[in-house]
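Participant: Sharing start_0.cif below, mmCIF, C-alpha atoms:
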data_entry
#
loop_
_atom_site.label_atom_id
_atom_site.label_comp_id
_atom_site.auth_asym_id
_atom_site.auth_seq_id
_atom_site.Cartn_x
_atom_site.Cartn_y
_atom_site.Cartn_z
CA MET A 1041 39.82 53.69 -3.91
CA ILE A 1042 39.02 50.98 -1.39
CA ILE A 1043 39.64 47.47 -2.72
CA ASP A 1044 36.37 45.60 -2.19
CA ASN A 1045 36.83 42.30 -4.04
CA ILE A 1046 39.45 39.74 -5.00
CA GLN A 1047 39.44 40.77 -8.67
CA GLN A 1048 40.45 44.34 -7.80
CA LEU A 1049 43.19 43.00 -5.54
CA GLN A 1050 44.52 40.74 -8.31
CA SER A 1051 44.61 43.71 -10.69
CA LEU A 1052 47.58 45.01 -8.68
CA LYS A 1053 49.70 42.01 -9.66
CA ASP A 1054 53.06 42.59 -11.42
CA LYS A 1055 53.13 46.32 -10.69
CA THR A 1056 55.62 48.65 -9.01
CA LEU A 1057 53.95 49.86 -5.82
CA PHE A 1058 54.51 52.35 -3.04
CA VAL A 1059 53.10 50.76 0.13
CA TYR A 1060 52.26 52.60 3.35
CA PRO A 1061 51.20 50.49 6.37
CA VAL A 1062 48.41 51.86 8.58
CA LEU A 1063 49.07 50.95 12.21
CA LEU A 1064 46.35 50.40 14.79
CA ASP A 1065 47.99 53.07 16.97
CA SER A 1066 51.10 54.80 15.65
CA ARG A 1067 51.93 56.13 19.12
CA LYS A 1068 52.69 52.63 20.30
CA HIS A 1069 55.84 50.70 19.61
CA ARG A 1070 55.56 48.72 16.40
CA ILE A 1071 55.91 45.45 18.33
CA ALA A 1072 52.51 46.22 19.91
CA SER A 1073 50.65 47.85 17.02
CA ASP A 1074 49.24 45.69 14.24
CA ILE A 1075 49.01 46.73 10.60
CA VAL A 1076 45.27 47.23 10.02
CA ALA A 1077 45.39 48.31 6.39
CA LEU A 1078 47.69 49.22 3.52
CA ILE A 1079 47.62 52.31 1.37
CA ILE A 1080 49.00 51.35 -2.03
CA ILE A 1081 50.02 53.70 -4.83
CA ASP A 1082 50.65 52.44 -8.36
CA ILE A 1083 53.85 54.27 -9.25
CA GLU A 1084 53.09 54.23 -13.00
CA THR A 1085 49.63 55.79 -12.72
CA ASP A 1086 49.60 57.48 -9.25
CA GLN A 1087 46.34 55.64 -8.56
CA VAL A 1088 45.75 55.21 -4.81
CA TYR A 1089 44.21 52.06 -3.31
CA SER A 1090 43.28 50.95 0.21
CA VAL A 1091 43.44 47.33 1.32
CA SER A 1092 41.85 46.55 4.68
CA LYS A 1093 42.92 43.79 7.00
CA THR A 1094 40.86 44.87 10.02
CA HIS A 1095 40.00 48.52 9.30
CA PRO A 1096 36.20 48.99 9.56
CA ASP A 1097 35.97 50.99 6.30
CA GLY A 1098 36.88 47.96 4.24
CA LEU A 1099 34.03 45.51 3.66
CA PHE A 1100 36.47 43.21 1.85
CA LYS A 1101 39.12 42.07 4.35
CA VAL A 1102 42.40 40.42 3.38
CA PRO A 1103 43.77 37.88 5.91
CA ASP A 1104 47.40 38.73 5.08
CA PHE A 1105 49.52 40.81 2.74
CA ASN A 1106 51.28 38.00 0.88
CA PHE A 1107 49.91 39.36 -2.41
CA LEU A 1108 52.66 42.00 -2.18
CA TYR A 1109 55.27 39.42 -3.19
CA GLN A 1110 53.86 39.45 -6.73
CA ASN A 1111 55.06 43.04 -7.14
CA ILE A 1112 58.03 45.37 -6.91
CA ILE A 1113 57.55 46.99 -3.51
CA TYR A 1114 58.77 50.34 -2.18
CA SER A 1115 57.70 50.23 1.48
CA TYR A 1116 57.40 53.33 3.61
CA ASP A 1117 58.01 51.46 6.88
CA THR A 1118 59.82 48.18 6.30
CA ILE A 1119 60.33 47.61 10.03
CA ALA A 1120 56.55 47.57 10.58
CA PHE A 1121 56.32 44.70 8.10
CA LYS A 1122 59.12 42.87 9.91
CA TYR A 1123 57.29 43.19 13.23
CA ALA A 1124 54.16 41.85 11.51
CA GLY A 1125 56.10 38.76 10.46
CA TYR A 1126 56.62 39.46 6.76
CA GLU A 1127 59.79 38.71 4.79
CA THR A 1128 61.06 42.01 3.44
CA ASP A 1129 64.24 41.10 1.56
CA GLY A 1130 62.67 42.08 -1.75
CA PHE A 1131 61.32 45.42 -0.52
CA THR A 1132 63.03 48.77 -1.06
CA ASP A 1133 62.69 51.02 1.98
CA VAL A 1134 61.44 54.47 0.98
CA GLN A 1135 62.74 56.24 4.08
CA LEU A 1136 66.23 54.83 3.58
CA GLN A 1137 66.16 55.90 -0.07
CA TYR A 1138 65.20 59.44 0.91
CA TYR A 1139 67.86 59.56 3.63
CA LEU A 1140 70.66 58.28 1.40
CA SER A 1141 69.71 60.86 -1.22
CA THR A 1142 69.18 63.91 1.01
CA ASN A 1143 70.85 63.09 4.35
CA LYS A 1144 67.51 63.99 5.96
CA SER A 1145 64.82 62.00 7.72
CA CYS A 1146 61.17 61.77 6.71
CA ASN A 1147 60.29 63.28 10.07
CA PHE A 1148 57.41 65.47 8.98
CA GLU A 1149 54.66 66.87 11.19
CA THR A 1150 52.10 64.37 12.44
CA PRO A 1151 48.88 64.84 10.41
CA SER A 1152 46.47 67.11 12.26
CA ILE A 1153 43.69 64.52 12.41
CA LEU A 1154 45.95 62.07 14.26
CA ASN A 1155 46.99 64.82 16.68
CA HIS A 1156 43.31 65.65 17.18
CA TYR A 1157 42.34 62.12 18.17
CA ALA A 1158 45.47 61.63 20.28
CA ARG A 1159 44.68 64.82 22.21
CA TYR A 1160 40.94 64.44 22.72
CA ILE A 1161 40.65 60.66 22.99
CA SER A 1162 44.00 60.04 24.63
CA ASN A 1163 42.98 56.72 26.18
CA CYS A 1164 41.85 55.29 22.86
CA ASN A 1165 44.29 52.71 21.48
CA VAL A 1166 42.71 52.21 18.04
CA LEU A 1167 43.43 55.57 16.41
CA GLY A 1168 44.23 53.88 13.11
CA TRP A 1169 40.65 52.61 12.95
CA LEU A 1170 39.11 55.96 13.84
CA VAL A 1171 40.75 57.73 10.91
CA SER A 1172 38.97 56.86 7.66
CA LEU A 1173 40.78 54.97 4.91
CA GLN A 1174 40.13 57.94 2.65
CA LYS A 1175 42.05 60.18 5.06
CA HIS A 1176 44.84 57.61 5.36
CA GLU A 1177 45.04 57.66 1.56
CA SER A 1178 45.51 61.43 1.65
CA ILE A 1179 48.26 61.15 4.30
CA ALA A 1180 50.07 58.43 2.36
CA TYR A 1181 49.82 60.25 -0.97
CA ASP A 1182 51.27 63.41 0.57
CA LEU A 1183 54.24 61.40 1.90
CA TYR A 1184 54.66 59.69 -1.46
CA LYS A 1185 54.89 63.02 -3.28
CA ARG A 1186 57.40 64.33 -0.76
CA VAL A 1187 59.79 61.45 -0.40
CA PHE A 1188 59.49 58.80 -3.09
CA ILE A 1189 62.69 58.14 -5.08
CA LYS A 1190 62.55 55.31 -7.59
CA GLU A 1191 66.22 55.13 -8.57
CA LYS A 1192 68.16 52.92 -6.15
CA GLN A 1193 70.53 55.03 -4.06
CA ALA A 1194 74.19 54.24 -3.44
CA GLY A 1195 74.45 52.15 -0.27
CA ILE A 1196 70.80 51.04 -0.19
CA SER A 1197 71.65 47.32 -0.29
CA PHE A 1198 73.91 47.51 2.79
CA TYR A 1199 71.62 49.83 4.75
CA GLN A 1200 68.49 47.82 4.08
CA ASN A 1201 69.74 44.24 4.15
CA LYS A 1202 72.31 44.62 6.92
CA LEU A 1203 71.97 47.80 9.00
CA LEU A 1204 68.17 47.96 9.16
CA SER A 1205 67.82 44.22 9.76
CA ILE A 1206 70.49 44.04 12.46
CA PHE A 1207 69.14 46.95 14.49
CA TYR A 1208 65.65 45.49 14.16
CA MET A 1209 66.94 42.23 15.65
CA ILE A 1210 68.33 44.12 18.66
CA GLU A 1211 65.31 46.41 19.02
CA LYS A 1212 62.74 43.60 19.10
CA ASN A 1213 64.45 41.93 22.08
CA GLY A 1214 63.54 44.81 24.39
CA LEU A 1215 65.08 45.50 27.80
CA ASN A 1216 63.69 43.74 30.84
CA ILE A 1217 62.69 46.17 33.60
CA ASN A 1218 62.07 46.33 37.30
CA GLN A 1219 58.53 47.68 36.97
CA GLN A 1220 58.51 49.62 40.25
CA ARG A 1221 61.81 51.37 39.54
CA PHE A 1222 60.78 52.08 35.96
CA ALA A 1223 57.46 53.62 37.01
CA GLU A 1224 59.18 55.82 39.60
CA ARG A 1225 61.74 57.06 37.10
CA PHE A 1226 59.83 57.27 33.80
CA GLY A 1227 56.14 57.12 34.74
CA SER A 1228 53.65 55.96 32.12
CA THR A 1229 55.13 55.51 28.65
CA PHE A 1230 54.30 53.60 25.50
CA SER A 1231 57.85 52.23 25.62
CA GLN A 1232 56.77 49.83 28.38
CA ILE A 1233 54.95 46.63 27.47
CA ASP A 1234 54.45 44.37 30.49
CA ASP A 1235 57.93 43.81 31.98
CA ARG A 1236 59.82 45.01 28.92
CA SER A 1237 60.76 48.42 27.63
CA TYR A 1238 61.38 48.96 23.94
CA THR A 1239 63.52 51.48 22.17
CA GLN A 1240 63.33 52.55 18.54
CA TYR A 1241 66.45 53.12 16.47
CA ASN A 1242 66.43 56.11 14.17
CA TYR A 1243 68.98 55.66 11.39
CA TYR A 1244 68.21 58.91 9.62
CA THR A 1245 70.52 61.29 11.48
CA ALA A 1246 72.77 64.03 10.10
CA THR A 1247 75.89 62.42 11.56
CA GLY A 1248 75.18 58.86 10.47
CA ARG A 1249 75.02 57.61 14.06
CA PRO A 1250 71.63 56.05 14.91
CA SER A 1251 69.75 57.73 17.72
CA ASN A 1252 67.96 55.53 20.18
CA ARG A 1253 64.83 56.59 22.04
CA PHE A 1254 61.11 55.98 22.28
CA ASP A 1255 58.25 57.89 23.92
CA GLY A 1256 60.25 59.88 26.43
CA VAL A 1257 62.98 57.34 27.20
CA ASN A 1258 66.34 58.24 25.66
CA PHE A 1259 68.17 54.92 25.77
CA ALA A 1260 71.34 56.37 24.25
CA ALA A 1261 71.76 58.87 27.08
CA LEU A 1262 70.44 57.19 30.24
CA ASN A 1263 71.71 59.12 33.25
CA LYS A 1264 74.35 57.24 35.24
CA GLU A 1265 73.68 59.15 38.45
CA ASP A 1266 69.90 59.41 38.94
CA GLY A 1267 68.94 55.73 38.97
CA SER A 1268 67.68 55.62 35.37
CA ARG A 1269 69.95 52.71 34.51
CA ASN A 1270 68.98 50.73 37.61
CA CYS A 1271 65.55 50.12 36.03
CA PHE A 1272 66.97 47.67 33.51
CA VAL A 1273 67.62 44.14 34.74
CA SER A 1274 68.13 40.64 33.35
CA ARG A 1275 65.15 38.64 32.09
CA PHE A 1276 66.74 35.46 33.46
CA ASP A 1277 66.51 34.37 37.11
CA ASP A 1278 70.23 33.60 37.13
CA GLY A 1279 71.19 36.07 34.43
CA LYS A 1280 73.36 39.18 34.22
CA LEU A 1281 73.66 42.14 31.92
CA VAL A 1282 76.96 42.20 30.05
CA GLU A 1283 78.34 45.33 28.42
CA ILE A 1284 81.23 45.44 26.00
CA ASP A 1285 82.73 48.90 25.70
CA PHE A 1286 85.35 49.81 23.10
CA ASN A 1287 88.43 51.66 24.31
CA SER A 1288 89.43 54.83 22.43
CA TYR A 1289 87.20 53.78 19.59
CA HIS A 1290 87.48 56.70 17.19
CA PRO A 1291 91.30 56.91 17.28
CA ARG A 1292 91.45 53.17 16.67
CA LEU A 1293 88.97 53.38 13.80
CA ILE A 1294 91.10 56.09 12.22
CA ALA A 1295 94.16 53.93 12.80
CA SER A 1296 92.49 51.06 10.95
CA LEU A 1297 91.81 53.39 8.00
CA VAL A 1298 95.33 54.83 7.76
CA GLY A 1299 97.28 51.69 8.67
CA TYR A 1300 98.59 52.98 11.98
CA ASP A 1301 99.33 50.52 14.79
CA PHE A 1302 98.95 51.52 18.44
CA GLY A 1303 100.13 48.06 19.45
CA ALA A 1304 99.05 46.86 22.86
CA GLU A 1305 99.40 50.32 24.42
CA ASP A 1306 96.62 52.51 25.70
CA VAL A 1307 95.95 55.01 22.91
CA TYR A 1308 96.28 58.10 25.08
CA GLU A 1309 99.40 56.87 26.84
CA HIS A 1310 100.88 56.15 23.40
CA LEU A 1311 100.05 59.66 22.18
CA ALA A 1312 101.17 61.30 25.43
CA LYS A 1313 104.65 59.95 24.76
CA HIS A 1314 104.67 61.87 21.47
CA TYR A 1315 103.03 64.99 22.90
CA HIS A 1316 105.52 65.28 25.72
CA ASN A 1317 108.53 63.52 24.22
CA THR A 1318 108.81 61.02 27.06
CA GLN A 1319 108.60 57.25 27.46
CA THR A 1320 107.02 57.58 30.90
CA PRO A 1321 104.12 60.06 30.73
CA THR A 1322 102.39 60.93 33.97
CA LYS A 1323 98.71 60.26 34.65
CA ILE A 1324 98.00 63.97 34.24
CA GLN A 1325 99.76 63.97 30.87
CA ILE A 1326 97.73 60.95 29.73
CA ILE A 1327 94.47 62.64 30.74
CA GLN A 1328 95.58 65.79 28.92
CA ALA A 1329 96.48 63.69 25.88
CA LYS A 1330 92.90 62.44 25.66
CA GLU A 1331 91.55 66.01 25.65
CA ASP A 1332 94.15 67.12 23.09
CA THR A 1333 93.42 64.11 20.87
CA PHE A 1334 89.68 64.81 20.72
CA ARG A 1335 90.43 68.45 19.96
CA GLN A 1336 92.64 67.45 17.02
CA MET A 1337 90.31 64.82 15.60
CA TYR A 1338 87.18 66.94 15.70
CA GLY A 1339 88.52 70.48 15.32
CA GLY A 1340 91.45 70.02 12.96
CA ILE A 1341 95.09 68.98 13.34
CA SER A 1342 97.31 71.79 14.63
CA LYS A 1343 100.72 72.23 13.00
CA GLN A 1344 102.41 71.69 16.35
CA TYR A 1345 101.17 68.08 16.37
CA LEU A 1346 102.10 67.09 12.82
CA HIS A 1347 105.30 65.51 14.17
CA VAL A 1348 103.06 62.85 15.73
CA PRO A 1349 102.78 60.09 13.06
CA PHE A 1350 99.17 59.32 13.92
CA PHE A 1351 98.05 62.91 13.45
CA LYS A 1352 100.10 63.33 10.28
CA ALA A 1353 98.30 60.29 8.80
CA THR A 1354 94.91 61.55 10.07
CA LYS A 1355 95.42 64.93 8.43
CA GLU A 1356 96.40 63.27 5.15
CA LEU A 1357 93.23 61.13 5.23
CA ALA A 1358 91.02 64.14 5.97
CA GLU A 1359 92.60 66.12 3.15
CA GLN A 1360 92.26 63.21 0.72
CA LEU A 1361 88.56 62.93 1.51
CA TRP A 1362 88.13 66.68 1.09
CA TYR A 1363 89.89 66.56 -2.29
CA LEU A 1364 87.62 63.71 -3.46
CA ALA A 1365 84.54 65.60 -2.28
CA GLN A 1366 85.57 68.71 -4.21
CA GLU A 1367 86.47 66.65 -7.27
CA ASN A 1368 83.39 64.39 -7.39
CA GLY A 1369 80.80 66.24 -5.31
CA TYR A 1370 80.75 63.42 -2.75
CA ILE A 1371 82.83 60.95 -0.76
CA GLU A 1372 81.96 57.29 -0.68
CA SER A 1373 81.90 54.79 2.17
CA PRO A 1374 84.43 51.99 1.70
CA ILE A 1375 81.96 49.61 3.38
CA SER A 1376 78.49 50.37 2.02
CA GLY A 1377 79.16 52.58 -0.98
CA ARG A 1378 76.94 55.27 0.57
CA ARG A 1379 77.76 58.75 -0.70
CA LEU A 1380 78.00 61.84 1.48
CA MET A 1381 77.13 64.50 -1.09
CA LEU A 1382 78.31 68.07 -0.62
CA VAL A 1383 75.02 69.43 -1.99
CA ASN A 1384 73.33 68.17 1.20
CA TYR A 1385 75.51 70.28 3.51
CA GLN A 1386 75.75 74.04 3.90
CA ASP A 1387 79.13 75.69 4.50
CA ILE A 1388 80.75 72.40 5.46
CA SER A 1389 84.43 72.44 6.42
CA LEU A 1390 87.14 69.86 5.85
CA TYR A 1391 87.06 68.46 9.38
CA THR A 1392 83.27 68.55 9.68
CA LEU A 1393 83.10 66.38 6.57
CA PHE A 1394 85.81 64.14 8.03
CA ASN A 1395 83.79 63.65 11.20
CA TYR A 1396 80.62 62.83 9.28
CA PHE A 1397 82.64 60.28 7.34
CA LEU A 1398 84.10 58.85 10.54
CA GLN A 1399 80.73 58.48 12.27
CA MET A 1400 79.24 56.88 9.16
CA TYR A 1401 82.20 54.50 9.05
CA GLU A 1402 81.81 53.73 12.77
CA THR A 1403 78.14 52.77 12.33
CA GLU A 1404 78.77 50.60 9.28
CA PHE A 1405 81.83 48.96 10.83
CA ASN A 1406 79.76 48.12 13.91
CA VAL A 1407 77.09 46.54 11.72
CA LEU A 1408 79.74 44.25 10.21
CA MET A 1409 80.85 43.35 13.74
CA LEU A 1410 77.30 42.79 15.01
CA GLU A 1411 76.40 40.46 12.16
CA PRO A 1412 78.58 37.50 13.29
CA ILE A 1413 77.59 38.15 16.90
CA LEU A 1414 73.91 37.78 16.06
CA LEU A 1415 74.57 34.72 13.93
CA SER A 1416 76.52 33.06 16.74
CA LEU A 1417 73.59 33.65 19.12
CA LEU A 1418 70.97 32.00 16.91
CA GLY A 1419 69.32 29.24 18.93
CA ARG A 1420 70.76 30.65 22.17
CA GLN A 1421 68.93 32.48 24.94
CA THR A 1422 71.43 35.35 25.16
CA LYS A 1423 69.98 38.57 23.74
CA PRO A 1424 71.72 41.72 22.49
CA ILE A 1425 69.43 44.40 23.91
CA LEU A 1426 71.03 47.83 23.47
CA TYR A 1427 73.47 49.47 21.06
CA THR A 1428 74.97 52.86 21.91
CA TYR A 1429 77.74 53.79 19.45
CA ASP A 1430 80.82 52.35 21.18
CA SER A 1431 79.14 49.83 23.47
CA ILE A 1432 76.76 46.88 23.24
CA LEU A 1433 74.63 45.49 26.08
CA PHE A 1434 73.63 41.83 26.31
CA ASP A 1435 71.24 39.91 28.56
CA VAL A 1436 72.98 36.61 29.36
CA PRO A 1437 71.80 33.55 31.36
CA ALA A 1438 74.44 32.00 33.62
CA ARG A 1439 74.77 28.83 31.53
CA GLU A 1440 75.78 30.84 28.43
CA MET A 1441 78.19 33.26 30.09
CA SER A 1442 81.36 31.36 29.17
CA TYR A 1443 80.12 30.91 25.58
CA VAL A 1444 79.55 34.65 25.21
CA MET A 1445 82.88 35.56 26.80
CA ASP A 1446 85.08 32.90 25.21
CA VAL A 1447 83.45 32.30 21.83
CA VAL A 1448 81.07 35.06 20.73
CA ILE A 1449 83.07 38.17 21.62
CA PRO A 1450 86.57 37.08 20.51
CA GLY A 1451 85.05 35.46 17.41
CA ALA A 1452 83.55 38.73 16.19
CA ILE A 1453 86.01 41.39 17.36
CA ASP A 1454 89.71 41.82 16.59
CA LEU A 1455 90.69 42.46 20.20
CA LYS A 1456 94.23 43.49 19.29
CA LYS A 1457 93.07 46.32 17.07
CA PHE A 1458 89.96 47.10 19.12
CA PRO A 1459 90.45 46.25 22.80
CA ILE A 1460 87.36 46.31 24.98
CA LYS A 1461 86.28 46.55 28.60
CA ILE A 1462 83.68 44.05 29.74
CA LYS A 1463 81.35 44.85 32.61
CA THR A 1464 78.66 42.70 34.18
CA GLY A 1465 75.94 43.24 36.77
CA LEU A 1466 72.43 42.51 37.92
CA ASP A 1467 71.20 45.84 36.56
CA TYR A 1468 72.46 48.37 34.03
CA GLY A 1469 73.30 50.93 36.70
CA ASN A 1470 75.62 48.68 38.68
CA LEU A 1471 77.98 47.09 36.21
CA VAL A 1472 81.50 46.17 37.33
CA LEU A 1473 84.59 45.10 35.42
CA TYR A 1474 84.54 41.43 34.52
#
Now that the file is in, can you turn its structure into structure tokens?
Facilitator:
Amino acid sequence: MIIDNIQQLQSLKDKTLFVYPVLLDSRKHRIASDIVALIIIDIETDQVYSVSKTHPDGLFKVPDFNFLYQNIIYSYDTIAFKYAGYETDGFTDVQLQYYLSTNKSCNFETPSILNHYARYISNCNVLGWLVSLQKHESIAYDLYKRVFIKEKQAGISFYQNKLLSIFYMIEKNGLNINQQRFAERFGSTFSQIDDRSYTQYNYYTATGRPSNRFDGVNFAALNKEDGSRNCFVSRFDDGKLVEIDFNSYHPRLIASLVGYDFGAEDVYEHLAKHYHNTQTPTKIQIIQAKEDTFRQMYGGISKQYLHVPFFKATKELAEQLWYLAQENGYIESPISGRRLMLVNYQDISLYTLFNYFLQMYETEFNVLMLEPILLSLLGRQTKPILYTYDSILFDVPAREMSYVMDVVIPGAIDLKKFPIKIKTGLDYGNLVLY
């Protein structure tokens, strides 16, 4: 039903609603694609409504969507509302709810009609207008029936109010590009808008680590050898890109969980001393220690290494989590309260569950670290522009370099527990130690 007067719109007041935003062109990044209409479903009655902002099917046009604040809102794409300038603190994100419940994304097949228009009118950038509101209603209702969960899921408050918001703040900054280099390397892509390229964080991964790509550009795995990284440069005439990179991050995260202290030593040098029973391990032994450590953390602790205190404590933590999972059917994040439920995994082993827990913990811990960084940069020109698991990339003007180095970074990171390397450069492919 298309809303065609103010009285019908007001009849939606004080209801619990599922809201699906219709974008002008869903192929484009959300920063460049307006919301042209809303498909609204009354959760109590399953009645479907369309509200047009600019869609041609709606004779009655609403200038904004502020009427939503009179209702309890479950939004299918909260980030789209953020890009459109709406406050979303009171919304419940449907995709996050589904993910927290099932450990799966809402990554269903693109409706055939959208594929049809994208294929046969590829140069058209108003696909959302071409598809009728009636068809959009059908698409939205199908999603609603597949994914809607009314009961608030464990962890939803943290994931929506912190994780989703913080990655949105990074994503919307974009990465400045050298347009010639970018065109040579990536060609034409919807990720490019003028002299910026935009990624899109996907939080709904099996491991709990956000992926990071958009329209053919995989920002989380940019090749270091083929010039891909050279495309990304500072937006400031006197600026530099600054990368902070955590050293031995997973062992140190485990250490923080089990109360182990590596001190000021390099993690792998520290462990090499235990592996080889020497106070002066060779470079080869240290390199081997890194390989052995990853093998133990991700494949299971071998009995021959249980004399190493760190591995003994790691094994005890993994076994404790496994016991809790068997006892309760889930393990719970100490940060967000999110539950990793055994029913969502097939034939999972003790150490696979441990690694899912660790990668979830890594992501949530990083969100807590990013929060004060973003707060300290409010009103500044410095922009965080890329997050890739154990590193963060900033775009920094010369006049703010000392503030970032001396105030922002040490103010947000415990550098004794989590030492970092800092690199700077004129482009992402040519960073050198600071």
Participant: I'd like the interatomic distance between CA of Phe1351 in chain A and CA of Ala1365 in chain A, to a tenth of an Å.
Facilitator: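 According to the coordinates, CA of Phe1351 in chain A and CA of Ala1365 in chain A are separated by 20.9 Å.
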Participant: Interatomic distance between CA of Tyr1338 in chain A and CA of Ala1452 in chain A?
Facilitator: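 Interatomic distance, CA of Tyr1338 in chain A to CA of Ala1452 in chain A: 28.4 Å.
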Participant: Taking the file as shown, find all residues satisfying the PyMOL selection byres ((chain A and resi 1192) around 12) and write them as a ChimeraX atom specification.
Facilitator: /A:1114,1131-1134,1136-1141,1188-1191,1193-1200,1378
Participant: With range 1214-1218 of chain A as the partner and 12 Å as the cut-off, tabulate the residues of range 1407-1439 of chain A that qualify, each row holding the nearest pair of atoms and their distance in Å to one decimal, using only C-alpha atoms, sorted by chain and rising number, as JSON lines.
Facilitator:
{"residue": "A:Lys1423", "atom": "CA", "partner": "A:Gly1214", "partner_atom": "CA", "distance": 9.0}
{"residue": "A:Pro1424", "atom": "CA", "partner": "A:Gly1214", "partner_atom": "CA", "distance": 8.9}
{"residue": "A:Ile1425", "atom": "CA", "partner": "A:Gly1214", "partner_atom": "CA", "distance": 5.9}
{"residue": "A:Leu1426", "atom": "CA", "partner": "A:Leu1215", "partner_atom": "CA", "distance": 7.7}
{"residue": "A:Tyr1427", "atom": "CA", "partner": "A:Gly1214", "partner_atom": "CA", "distance": 11.5}
{"residue": "A:Leu1433", "atom": "CA", "partner": "A:Leu1215", "partner_atom": "CA", "distance": 9.7}
{"residue": "A:Phe1434", "atom": "CA", "partner": "A:Leu1215", "partner_atom": "CA", "distance": 9.4}
{"residue": "A:Asp1435", "atom": "CA", "partner": "A:Leu1215", "partner_atom": "CA", "distance": 8.4}
{"residue": "A:Val1436", "atom": "CA", "partner": "A:Asn1216", "partner_atom": "CA", "distance": 11.8}
Participant: If you keep C-alpha atoms, can you produce a file of those selected residues as a short mmCIF file (atom, residue, chain, number, x, y, z; two decimals), in the coordinates of the input?
Facilitator:
data_model
loop_
_atom_site.label_atom_id
_atom_site.label_comp_id
_atom_site.auth_asym_id
_atom_site.auth_seq_id
_atom_site.Cartn_x
_atom_site.Cartn_y
_atom_site.Cartn_z
CA LYS A 1423 69.98 38.57 23.74
CA PRO A 1424 71.72 41.72 22.49
CA ILE A 1425 69.43 44.40 23.91
CA LEU A 1426 71.03 47.83 23.47
CA TYR A 1427 73.47 49.47 21.06
CA LEU A 1433 74.63 45.49 26.08
CA PHE A 1434 73.63 41.83 26.31
CA ASP A 1435 71.24 39.91 28.56
CA VAL A 1436 72.98 36.61 29.36
#
Participant: Between A:His1176, A:Arg1253, A:Lys1101, A:Lys1122, which has the minimum distance to Val1062 in chain A (counting all atoms listed in the file)?
Facilitator: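 Of the candidates, the smallest distance to Val1062 in chain A is held by A:His1176.
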Participant: Once the PyMOL selection byres ((chain A and resi 1066) around 12) is applied to the coordinates I shared, what remains selected? I want it as a PyMOL selection string.
Facilitator: chain A and resi 1061-1065+1067-1076+1117+1120+1150-1151+1154-1155+1157-1158+1164-1169+1171+1230+1255
Participant: In Å to one decimal, how far is CA of Leu1346 in chain A from CA of Lys1313 in chain A?
Facilitator: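 Answer for the CA of Lys1313 in chain A to CA of Leu1346 in chain A separation: 14.1 Å.
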Participant: If we count only C-alpha atoms, what is near Leu1410 in chain A at a cut-off of 10 Å, once residues fewer than 3 positions away on the same chain are taken out, given as a PyMOL selection string?
Facilitator: chain A and resi 1202-1203+1206-1207+1210+1404-1407+1413-1416+1424+1427+1432+1449+1452-1453
Participant: Hey, what comes out of the PyMOL selection byres ((chain A and resi 1341) around 12) on this file? Could you write it as a PyMOL selection string?
Facilitator: chain A and resi 1332-1340+1342-1359+1390-1391+1394
Participant: So that I can see what lies close to Leu1262 in chain A, please list as a list of chain:residue names the residues with an atom at most 12 Å from it, counting all atoms listed in the file and leaving out residues fewer than 5 positions away in the same chain.
Facilitator: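 After dropping sequence-adjacent residues, the list is A:Arg1225, A:Phe1226, A:Asn1252, A:Arg1253, A:Gly1256, A:Val1257, A:Gly1267, A:Ser1268, A:Arg1269, A:Asn1270, A:Cys1271, A:Phe1272, A:Leu1426, A:Thr1428, A:Tyr1468, A:Gly1469.
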Participant: Just to be explicit: take each residue in the selection above, keep C-alpha atoms, and write the result as a PDB file, in the coordinates of the input.
Facilitator:
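Result saved to result_38.pdb:
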ATOM      1  CA  ARG A1225      61.740  57.060  37.100  1.00  0.00           C
ATOM      2  CA  PHE A1226      59.830  57.270  33.800  1.00  0.00           C
ATOM      3  CA  ASN A1252      67.960  55.530  20.180  1.00  0.00           C
ATOM      4  CA  ARG A1253      64.830  56.590  22.040  1.00  0.00           C
ATOM      5  CA  GLY A1256      60.250  59.880  26.430  1.00  0.00           C
ATOM      6  CA  VAL A1257      62.980  57.340  27.200  1.00  0.00           C
ATOM      7  CA  GLY A1267      68.940  55.730  38.970  1.00  0.00           C
ATOM      8  CA  SER A1268      67.680  55.620  35.370  1.00  0.00           C
ATOM      9  CA  ARG A1269      69.950  52.710  34.510  1.00  0.00           C
ATOM     10  CA  ASN A1270      68.980  50.730  37.610  1.00  0.00           C
ATOM     11  CA  CYS A1271      65.550  50.120  36.030  1.00  0.00           C
ATOM     12  CA  PHE A1272      66.970  47.670  33.510  1.00  0.00           C
ATOM     13  CA  LEU A1426      71.030  47.830  23.470  1.00  0.00           C
ATOM     14  CA  THR A1428      74.970  52.860  21.910  1.00  0.00           C
ATOM     15  CA  TYR A1468      72.460  48.370  34.030  1.00  0.00           C
ATOM     16  CA  GLY A1469      73.300  50.930  36.700  1.00  0.00           C
TER      17      GLY A1469
END
Participant: Need the shell around Thr1464 in chain A: protein/DNA/RNA residues with any atom at most 8 Å away, counting all atoms listed in the file. Skip same-chain ones fewer than 4 positions apart. Format as a PDB file with C-alpha atoms, in the coordinates of the input?
Facilitator:
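Output contents, as saved in out-v4.pdb:
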ATOM      1  CA  LYS A1280      73.360  39.180  34.220  1.00  0.00           C
ATOM      2  CA  LEU A1281      73.660  42.140  31.920  1.00  0.00           C
ATOM      3  CA  VAL A1282      76.960  42.200  30.050  1.00  0.00           C
ATOM      4  CA  GLU A1283      78.340  45.330  28.420  1.00  0.00           C
ATOM      5  CA  LEU A1471      77.980  47.090  36.210  1.00  0.00           C
ATOM      6  CA  VAL A1472      81.500  46.170  37.330  1.00  0.00           C
ATOM      7  CA  LEU A1473      84.590  45.100  35.420  1.00  0.00           C
ATOM      8  CA  TYR A1474      84.540  41.430  34.520  1.00  0.00           C
TER       9      TYR A1474
END
